[in-house]
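**Q** Below is the file data-v1.cif, which contains mmCIF, C-alpha atoms.
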data_query
loop_
_atom_site.group_PDB
_atom_site.id
_atom_site.type_symbol
_atom_site.label_atom_id
_atom_site.label_comp_id
_atom_site.auth_asym_id
_atom_site.auth_seq_id
_atom_site.Cartn_x
_atom_site.Cartn_y
_atom_site.Cartn_z
ATOM 1 C CA MET A 248 -44.723 226.986 126.621
ATOM 2 C CA HIS A 249 -47.846 225.842 124.833
ATOM 3 C CA ALA A 250 -47.443 222.118 125.613
ATOM 4 C CA PRO A 251 -49.801 221.027 128.402
ATOM 5 C CA ALA A 252 -48.202 219.676 131.553
ATOM 6 C CA LEU A 253 -49.029 216.547 133.482
ATOM 7 C CA PRO A 254 -51.389 215.288 130.767
ATOM 8 C CA GLY A 255 -53.043 212.063 131.862
ATOM 9 C CA ASP A 256 -53.224 208.738 130.103
ATOM 10 C CA ASP A 257 -56.166 206.358 130.472
ATOM 11 C CA ARG A 258 -55.077 205.568 134.044
ATOM 12 C CA GLY A 259 -54.707 209.211 134.965
ATOM 13 C CA GLU A 260 -50.918 208.878 135.187
ATOM 14 C CA PRO A 261 -48.652 211.659 133.952
ATOM 15 C CA VAL A 262 -47.359 211.105 130.435
ATOM 16 C CA ARG A 263 -43.560 211.090 130.350
ATOM 17 C CA HIS A 264 -41.911 213.168 127.654
ATOM 18 C CA ARG A 265 -38.363 213.221 126.415
ATOM 19 C CA PRO A 266 -36.900 216.265 128.229
ATOM 20 C CA PRO A 267 -35.810 219.023 125.843
ATOM 21 C CA GLU A 268 -33.569 221.833 126.914
ATOM 22 C CA PRO A 269 -35.493 224.516 128.838
ATOM 23 C CA GLU A 270 -34.555 227.024 126.151
ATOM 24 C CA ALA A 271 -36.238 224.769 123.583
ATOM 25 C CA ALA A 272 -39.329 224.510 125.752
ATOM 26 C CA ALA A 273 -39.410 228.291 125.740
ATOM 27 C CA GLY A 274 -38.969 228.473 121.971
ATOM 28 C CA ALA A 275 -42.168 229.474 120.200
ATOM 29 C CA ARG A 276 -44.301 232.244 121.610
ATOM 30 C CA PRO A 277 -48.043 231.703 121.216
ATOM 31 C CA ARG A 278 -50.294 234.562 122.182
ATOM 32 C CA ASP A 279 -50.888 233.240 125.703
ATOM 33 C CA ASP A 280 -47.172 232.774 126.432
ATOM 34 C CA PRO A 281 -46.163 233.668 130.000
ATOM 35 C CA ALA A 282 -43.943 236.594 130.877
ATOM 36 C CA THR A 283 -42.202 234.753 133.729
ATOM 37 C CA VAL A 284 -41.463 231.133 134.641
ATOM 38 C CA GLN A 285 -40.277 229.178 137.658
ATOM 39 C CA ALA A 286 -38.359 225.910 137.276
ATOM 40 C CA VAL A 287 -38.545 222.961 139.653
ATOM 41 C CA ALA A 288 -35.833 220.276 139.565
ATOM 42 C CA LEU A 289 -37.106 216.851 140.611
ATOM 43 C CA THR A 290 -35.689 213.428 141.364
ATOM 44 C CA VAL A 291 -38.957 211.613 140.606
ATOM 45 C CA ALA A 292 -42.220 212.568 138.952
ATOM 46 C CA PRO A 293 -44.679 214.296 141.281
ATOM 47 C CA GLY A 294 -48.234 213.196 141.932
ATOM 48 C CA PRO A 295 -51.291 215.026 140.608
ATOM 49 C CA PRO A 296 -51.184 218.785 141.246
ATOM 50 C CA PRO A 297 -53.288 220.145 144.115
ATOM 51 C CA PRO A 298 -56.368 222.312 143.596
ATOM 52 C CA GLY A 299 -55.429 225.787 142.508
ATOM 53 C CA LEU A 300 -52.596 224.642 140.216
ATOM 54 C CA SER A 301 -53.957 223.811 136.799
ATOM 55 C CA ALA A 302 -52.294 220.861 135.123
ATOM 56 C CA LEU A 303 -52.839 222.600 131.791
ATOM 57 C CA LYS A 304 -50.564 225.476 132.814
ATOM 58 C CA VAL A 305 -47.568 223.601 134.200
ATOM 59 C CA VAL A 306 -45.157 222.168 131.639
ATOM 60 C CA ALA A 307 -43.761 218.843 132.897
ATOM 61 C CA TYR A 308 -40.853 216.901 131.427
ATOM 62 C CA LEU A 309 -40.727 213.753 133.496
ATOM 63 C CA HIS A 310 -38.760 211.351 131.306
ATOM 64 C CA GLY A 311 -35.101 210.663 132.010
ATOM 65 C CA PRO A 312 -32.800 211.053 134.996
ATOM 66 C CA GLU A 313 -33.441 214.782 135.548
ATOM 67 C CA PRO A 314 -37.192 215.496 135.441
ATOM 68 C CA TYR A 315 -38.375 219.050 135.894
ATOM 69 C CA LEU A 316 -41.351 221.364 135.835
ATOM 70 C CA LEU A 317 -41.759 224.825 134.324
ATOM 71 C CA ILE A 318 -44.448 226.901 136.029
ATOM 72 C CA PRO A 319 -45.674 229.856 133.957
ATOM 73 C CA ASP A 320 -46.427 233.197 135.616
ATOM 74 C CA PRO A 321 -46.333 231.887 139.223
ATOM 75 C CA ALA A 322 -48.974 233.455 141.430
ATOM 76 C CA PRO A 323 -48.007 235.062 144.782
ATOM 77 C CA GLY A 324 -49.155 231.963 146.682
ATOM 78 C CA MET A 325 -47.111 229.555 144.564
ATOM 79 C CA HIS A 326 -44.636 228.914 147.412
ATOM 80 C CA ARG A 327 -47.372 227.428 149.609
ATOM 81 C CA THR A 328 -48.838 225.492 146.682
ATOM 82 C CA LEU A 329 -45.510 223.863 145.894
ATOM 83 C CA VAL A 330 -44.962 222.985 149.541
ATOM 84 C CA ARG A 331 -48.341 221.197 149.586
ATOM 85 C CA TRP A 332 -47.655 219.449 146.287
ATOM 86 C CA LEU A 333 -44.020 218.402 146.722
ATOM 87 C CA GLN A 334 -43.589 218.014 150.494
ATOM 88 C CA GLY A 335 -41.819 214.727 151.222
ATOM 89 C CA ARG A 336 -40.160 214.609 147.799
ATOM 90 C CA SER A 337 -36.613 215.630 146.931
ATOM 91 C CA ALA A 338 -36.988 218.745 144.805
ATOM 92 C CA ALA A 339 -35.486 222.197 144.399
ATOM 93 C CA VAL A 340 -37.436 225.246 143.265
ATOM 94 C CA GLY A 341 -35.678 227.897 141.224
ATOM 95 C CA PRO A 342 -36.482 231.607 141.388
ATOM 96 C CA VAL A 343 -39.075 233.298 139.219
ATOM 97 C CA VAL A 344 -37.315 234.658 136.136
ATOM 98 C CA ALA A 345 -38.174 236.126 132.753
ATOM 99 C CA ARG A 346 -39.347 233.475 130.310
ATOM 100 C CA ALA A 347 -36.121 233.655 128.307
ATOM 101 C CA GLU A 348 -34.134 232.785 131.466
ATOM 102 C CA ALA A 349 -35.986 229.521 132.178
ATOM 103 C CA GLY A 350 -32.756 227.576 131.657
ATOM 104 C CA ALA A 351 -30.994 229.603 134.357
ATOM 105 C CA SER A 352 -33.746 228.986 136.914
ATOM 106 C CA LEU A 353 -33.549 225.249 136.229
ATOM 107 C CA ARG A 354 -29.736 225.218 136.339
ATOM 108 C CA TRP A 355 -29.742 226.894 139.758
ATOM 109 C CA ALA A 356 -32.408 224.503 141.028
ATOM 110 C CA ARG A 357 -30.396 221.499 139.835
ATOM 111 C CA THR A 358 -27.253 222.831 141.503
ATOM 112 C CA LEU A 359 -29.065 223.091 144.832
ATOM 113 C CA LEU A 360 -30.723 219.688 144.428
ATOM 114 C CA ALA A 361 -27.351 218.052 143.746
ATOM 115 C CA MET A 362 -26.034 219.407 147.055
ATOM 116 C CA ALA A 363 -28.890 217.950 149.103
ATOM 117 C CA PRO A 364 -28.358 214.512 150.665
ATOM 118 C CA GLN A 365 -30.576 211.825 149.170
ATOM 119 C CA ARG A 366 -31.833 209.039 151.434
ATOM 120 C CA PRO A 367 -32.989 206.112 149.261
ATOM 121 C CA GLY A 368 -36.585 205.263 150.022
ATOM 122 C CA GLY A 369 -36.882 207.980 152.641
ATOM 123 C CA PRO A 370 -38.687 211.313 152.624
ATOM 124 C CA GLY A 371 -37.008 213.989 150.569
ATOM 125 C CA GLU A 372 -36.475 217.674 151.244
ATOM 126 C CA LEU A 373 -38.072 220.525 149.340
ATOM 127 C CA LEU A 374 -35.576 223.370 148.886
ATOM 128 C CA PHE A 375 -35.941 226.866 147.450
ATOM 129 C CA VAL A 376 -33.032 228.546 145.677
ATOM 130 C CA GLU A 377 -34.113 231.906 147.115
ATOM 131 C CA ASP A 378 -33.204 230.548 150.580
ATOM 132 C CA HIS A 379 -29.718 229.409 149.442
ATOM 133 C CA LEU A 380 -28.583 232.028 146.928
ATOM 134 C CA ALA A 381 -25.015 232.336 148.207
ATOM 135 C CA LYS A 382 -24.538 228.559 148.305
ATOM 136 C CA VAL A 383 -25.874 228.124 144.767
ATOM 137 C CA MET A 384 -23.754 230.979 143.455
ATOM 138 C CA LEU A 385 -20.570 229.582 144.996
ATOM 139 C CA PHE A 386 -21.189 226.080 143.659
ATOM 140 C CA GLN A 387 -22.385 226.932 140.141
ATOM 141 C CA ASP A 388 -18.878 225.978 139.021
ATOM 142 C CA PRO A 389 -17.677 223.335 141.520
ATOM 143 C CA LEU A 390 -14.263 223.026 139.871
ATOM 144 C CA LEU A 391 -13.612 226.749 140.124
ATOM 145 C CA ALA A 392 -14.945 226.851 143.695
ATOM 146 C CA GLY A 393 -12.615 224.014 144.644
ATOM 147 C CA HIS A 394 -9.691 225.793 142.969
ATOM 148 C CA LEU A 395 -10.366 228.934 145.003
ATOM 149 C CA SER A 396 -10.544 226.906 148.205
ATOM 150 C CA VAL A 397 -7.271 225.090 147.492
ATOM 151 C CA LYS A 398 -5.536 228.331 146.480
ATOM 152 C CA TRP A 399 -5.944 229.743 149.998
ATOM 153 C CA LEU A 400 -6.640 226.866 152.371
ATOM 154 C CA GLY A 401 -4.060 224.597 150.755
ATOM 155 C CA ARG A 402 -1.511 226.503 152.844
ATOM 156 C CA LEU A 403 -2.909 224.764 155.914
ATOM 157 C CA ARG A 404 -2.365 221.247 154.580
ATOM 158 C CA ASP A 405 0.638 220.489 156.845
ATOM 159 C CA MET A 406 -1.384 221.135 160.010
ATOM 160 C CA THR A 407 -3.027 218.442 162.079
ATOM 161 C CA PRO A 408 -6.832 218.257 161.737
ATOM 162 C CA GLY A 409 -7.236 219.974 165.126
ATOM 163 C CA GLN A 410 -4.802 222.764 164.265
ATOM 164 C CA ARG A 411 -6.437 223.299 160.898
ATOM 165 C CA GLU A 412 -9.913 223.495 162.427
ATOM 166 C CA ARG A 413 -8.786 226.089 165.010
ATOM 167 C CA THR A 414 -6.976 228.085 162.348
ATOM 168 C CA GLU A 415 -9.966 228.129 160.013
ATOM 169 C CA GLN A 416 -12.283 229.132 162.860
ATOM 170 C CA THR A 417 -9.930 231.953 163.832
ATOM 171 C CA LEU A 418 -9.645 233.189 160.261
ATOM 172 C CA LEU A 419 -13.399 233.133 159.774
ATOM 173 C CA ALA A 420 -14.091 234.921 163.065
ATOM 174 C CA TRP A 421 -11.440 237.551 162.295
ATOM 175 C CA LEU A 422 -12.710 238.178 158.762
ATOM 176 C CA GLU A 423 -16.373 238.302 159.785
ATOM 177 C CA GLY A 424 -15.828 240.089 163.090
ATOM 178 C CA GLY A 425 -13.550 242.792 161.741
ATOM 179 C CA GLY A 426 -10.712 242.479 164.232
ATOM 180 C CA ALA A 427 -8.999 240.445 166.932
ATOM 181 C CA ALA A 428 -11.179 241.698 169.806
ATOM 182 C CA ARG A 429 -14.439 240.788 168.065
ATOM 183 C CA ALA A 430 -12.976 237.452 166.916
ATOM 184 C CA ALA A 431 -12.060 236.651 170.520
ATOM 185 C CA LEU A 432 -15.660 237.258 171.573
ATOM 186 C CA LEU A 433 -16.995 235.059 168.786
ATOM 187 C CA LEU A 434 -14.543 232.266 169.621
ATOM 188 C CA ARG A 435 -14.865 232.739 173.396
ATOM 189 C CA VAL A 436 -11.101 232.869 173.849
ATOM 190 C CA HIS A 437 -8.725 235.544 175.172
ATOM 191 C CA PRO A 438 -7.767 238.267 172.656
ATOM 192 C CA ARG A 439 -4.099 237.336 173.194
ATOM 193 C CA THR A 440 -4.904 233.863 171.849
ATOM 194 C CA VAL A 441 -6.391 235.344 168.692
ATOM 195 C CA ARG A 442 -3.432 237.707 168.223
ATOM 196 C CA TYR A 443 -1.020 234.778 168.615
ATOM 197 C CA ARG A 444 -2.879 232.784 165.978
ATOM 198 C CA LEU A 445 -2.973 235.805 163.661
ATOM 199 C CA ARG A 446 0.806 236.196 163.881
ATOM 200 C CA MET A 447 1.118 232.574 162.824
ATOM 201 C CA LEU A 448 -1.305 233.211 159.958
ATOM 202 C CA GLU A 449 0.718 236.196 158.791
ATOM 203 C CA ARG A 450 3.685 233.871 158.415
ATOM 204 C CA LEU A 451 1.546 231.597 156.227
ATOM 205 C CA PHE A 452 -0.277 234.209 154.166
ATOM 206 C CA GLY A 453 2.188 237.096 154.271
ATOM 207 C CA SER A 454 0.928 240.485 153.185
ATOM 208 C CA SER A 455 -2.203 238.930 151.654
ATOM 209 C CA LEU A 456 -4.037 239.416 154.952
ATOM 210 C CA HIS A 457 -3.711 243.182 154.456
ATOM 211 C CA SER A 458 -5.254 243.093 150.957
ATOM 212 C CA ALA A 459 -9.013 243.627 150.723
ATOM 213 C CA GLN A 460 -9.219 241.449 147.589
ATOM 214 C CA ALA A 461 -7.283 238.620 149.236
ATOM 215 C CA ARG A 462 -9.386 238.799 152.404
ATOM 216 C CA PHE A 463 -12.529 238.612 150.289
ATOM 217 C CA GLU A 464 -11.267 235.525 148.422
ATOM 218 C CA LEU A 465 -10.135 233.960 151.686
ATOM 219 C CA LEU A 466 -13.584 234.471 153.188
ATOM 220 C CA LEU A 467 -15.166 232.853 150.106
ATOM 221 C CA ALA A 468 -12.714 229.942 150.356
ATOM 222 C CA LEU A 469 -13.652 229.384 153.994
ATOM 223 C CA LYS A 470 -17.359 229.517 153.182
ATOM 224 C CA ILE A 471 -16.919 227.064 150.290
ATOM 225 C CA HIS A 472 -14.927 224.694 152.481
ATOM 226 C CA GLY A 473 -17.476 224.896 155.297
ATOM 227 C CA MET A 474 -20.485 224.323 153.044
ATOM 228 C CA ALA A 475 -18.806 221.427 151.234
ATOM 229 C CA ALA A 476 -17.923 219.805 154.569
ATOM 230 C CA GLU A 477 -21.498 220.234 155.821
ATOM 231 C CA CYS A 478 -22.938 218.710 152.631
ATOM 232 C CA ALA A 479 -20.553 215.754 152.944
ATOM 233 C CA ARG A 480 -21.496 215.290 156.603
ATOM 234 C CA LEU A 481 -25.221 215.310 155.827
ATOM 235 C CA ARG A 482 -24.684 212.891 152.934
ATOM 236 C CA ARG A 483 -22.764 210.472 155.142
ATOM 237 C CA ARG A 484 -25.500 210.654 157.750
ATOM 238 C CA ALA A 485 -28.194 210.020 155.117
ATOM 239 C CA ASP A 486 -26.226 207.079 153.710
ATOM 240 C CA GLY A 487 -25.959 205.585 157.194
ATOM 241 C CA LEU A 488 -29.706 205.636 157.834
ATOM 242 C CA PRO A 489 -31.655 202.474 157.007
ATOM 243 C CA ALA A 490 -34.328 202.768 154.366
ATOM 244 C CA PRO A 491 -37.914 202.727 155.665
ATOM 245 C CA GLY A 492 -39.124 199.210 156.342
ATOM 246 C CA THR A 493 -35.623 197.803 156.825
ATOM 247 C CA SER A 494 -33.748 196.916 159.947
ATOM 248 C CA ARG A 495 -30.175 197.460 161.004
ATOM 249 C CA PRO A 496 -27.811 194.469 160.997
ATOM 250 C CA GLY A 497 -28.605 192.158 163.876
ATOM 251 C CA GLN A 498 -32.195 193.347 164.174
ATOM 252 C CA ASP A 499 -35.290 191.423 163.136
ATOM 253 C CA ALA A 500 -37.425 193.505 160.793
ATOM 254 C CA ARG A 501 -40.611 191.854 162.055
ATOM 255 C CA PRO A 502 -42.544 193.595 164.856
ATOM 256 C CA GLY A 503 -41.670 191.958 168.130
ATOM 257 C CA GLY A 504 -38.967 189.851 166.467
ATOM 258 C CA ARG A 505 -36.198 188.351 168.605
#
Show this structure as structure tokens.
**A**
Amino acid sequence: MHAPALPGDDRGEPVRHRPPEPEAAAGARPRDDPATVQAVALTVAPGPPPPGLSALKVVAYLHGPEPYLLIPDPAPGMHRTLVRWLQGRSAAVGPVVARAEAGASLRWARTLLAMAPQRPGGPGELLFVEDHLAKVMLFQDPLLAGHLSVKWLGRLRDMTPGQRERTEQTLLAWLEGGGAARAALLLRVHPRTVRYRLRMLERLFGSSLHSAQARFELLLALKIHGMAAECARLRRRADGLPAPGTSRPGQDARPGGR
């Protein structure tokens, strides 16, 4: 990690490099090599770093569709520094890891960034993997996560959307609450209603509901389905928002326009 980051050209702009693999960036070990690193996945190149974050210490690879930063030996106040630097940009910050695991920190950051809705031309969101560990873990392999979800929730495919929603809510409340009585409190329905729905679920899932392993996988499937639906909802909402400086159809973009 001996290459300087954010080196300036004659105009003071960051020089864009061809992005190597993070493992390659962590290849040679000069004497001042860091013990730990923190990766930041970006959608666009950031501006100049704020005071307190030396441009000579941050390795920046800003060329190509997936720019990123590698921050060596992050100080305790790095969270606040990154918030000041990257606020308003779409970026995801990986956890601090050993230098040899730089690629993992970047991979996790990219997974989280890919799940965030992007509004063209609008302000982005700065996310930290440490705040979304379960989500990142579940979606590290989207194909496998989807397979797990279909394995269990595919049994509900013949239901109407309303029936499926109630069934999934009941299952989640029962699995998280630890029983029908607690599920009824969480759902704000009568315990008899929950027990009726559970009898129907036993017909669908059979003895699986009595297996700890199956209940664990079912809970993961419900969480995956819920998070994927929320990401899709946020993405649709972001896609429906006009870019800054534009107007909706039928509106004049000029101030006071008729």
**Q** Env of region 395-410 of chain A: 7 Å cut, atoms = only C-alpha atoms, seq-sep filter 4 positions within chain, self excluded. Answer as a list of chain:residue names.
**A**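 Counting only C-alpha atoms, the residues come to A:Leu391, A:Thr414, A:Leu451, A:Leu465, A:Ala468, A:Ile471, A:His472.
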**Q** Rounded to one decimal place, report the CA of Leu467 (chain A)-CA of Leu419 (chain A) distance in Å.
**A**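 Separating CA of Leu467 (chain A) from CA of Leu419 (chain A) is a distance of 9.8 Å.
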**Q** Might you pull out every residue within 12 Å of Glu449 (chain A), with all atoms listed in the file counted and same-chain residues fewer than 6 positions away left off, and present them as a list of chain:residue names?
**A**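 My reading of the contact set: A:Arg402, A:Thr414, A:Leu418, A:Arg442, A:Tyr443, A:Ser455, A:Leu456, A:His457.
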**Q** For each of A:Gln387, A:Thr328, A:Thr358, A:Ser337, take the minimum atom-to-atom distance to Ala292 (chain A), counting all atoms listed in the file, then give the residue where this is smallest.
**A**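 Between A:Gln387, A:Thr328, A:Thr358, A:Ser337, the residue approaching Ala292 (chain A) most closely is A:Ser337.
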**Q** Just how far from CA of Arg346 (chain A) is CA of Ala282 (chain A), in Å to one decimal?
**A**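 Separation between CA of Ala282 (chain A) and CA of Arg346 (chain A): 5.6 Å.
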**Q** What is the distance between CA of Leu448 (chain A) and CA of Ala476 (chain A), in Å to one decimal?
**A**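 Here the two named atoms are 22.0 Å from each other.
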**Q** From the list A:Val343, A:Ala338, A:Leu380, A:Val305, which residue is nearest Pro323 (chain A) when using only C-alpha atoms?
**A** A:Val343
**Q** Selected by the PyMOL selection byres ((chain A and resi 417) around 10) in the shown coordinates: which residues, as a ChimeraX atom specification?
**A** /A:411-416,418-423,427,430-431,433-434,440-442,444-445,448
**Q** Nearest to Leu289 (chain A) among A:Ala428, A:Ala339, A:Leu374, A:Leu390, with distances taken over all atoms listed in the file: which residue is it?
**A** A:Ala339
**Q** Can you turn the PyMOL selection byres ((chain A and resi 354) around 12) into a concrete residue list for this file, as a PyMOL selection string?
**A** chain A and resi 268-270+285-289+313+315+339-342+348-353+355-361+376+383-384+386-388
**Q** Let me have the centre and edge lengths in Å, one decimal, of the box along x, y and z around every listed atom of region 330-338 of chain A with 3 Å of margin on each side, as lines of an AutoDock Vina configuration file.
**A**
center_x = -42.5
center_y = 218.8
center_z = 148.0
size_x = 17.7
size_y = 14.4
size_z = 12.4
**Q** List as a PyMOL selection string the residues having at least one atom at most 7 Å from position (-49.0, 230.3, 134.8) as given in the file, counting all atoms listed in the file.
**A** chain A and resi 281+304-305+318-321
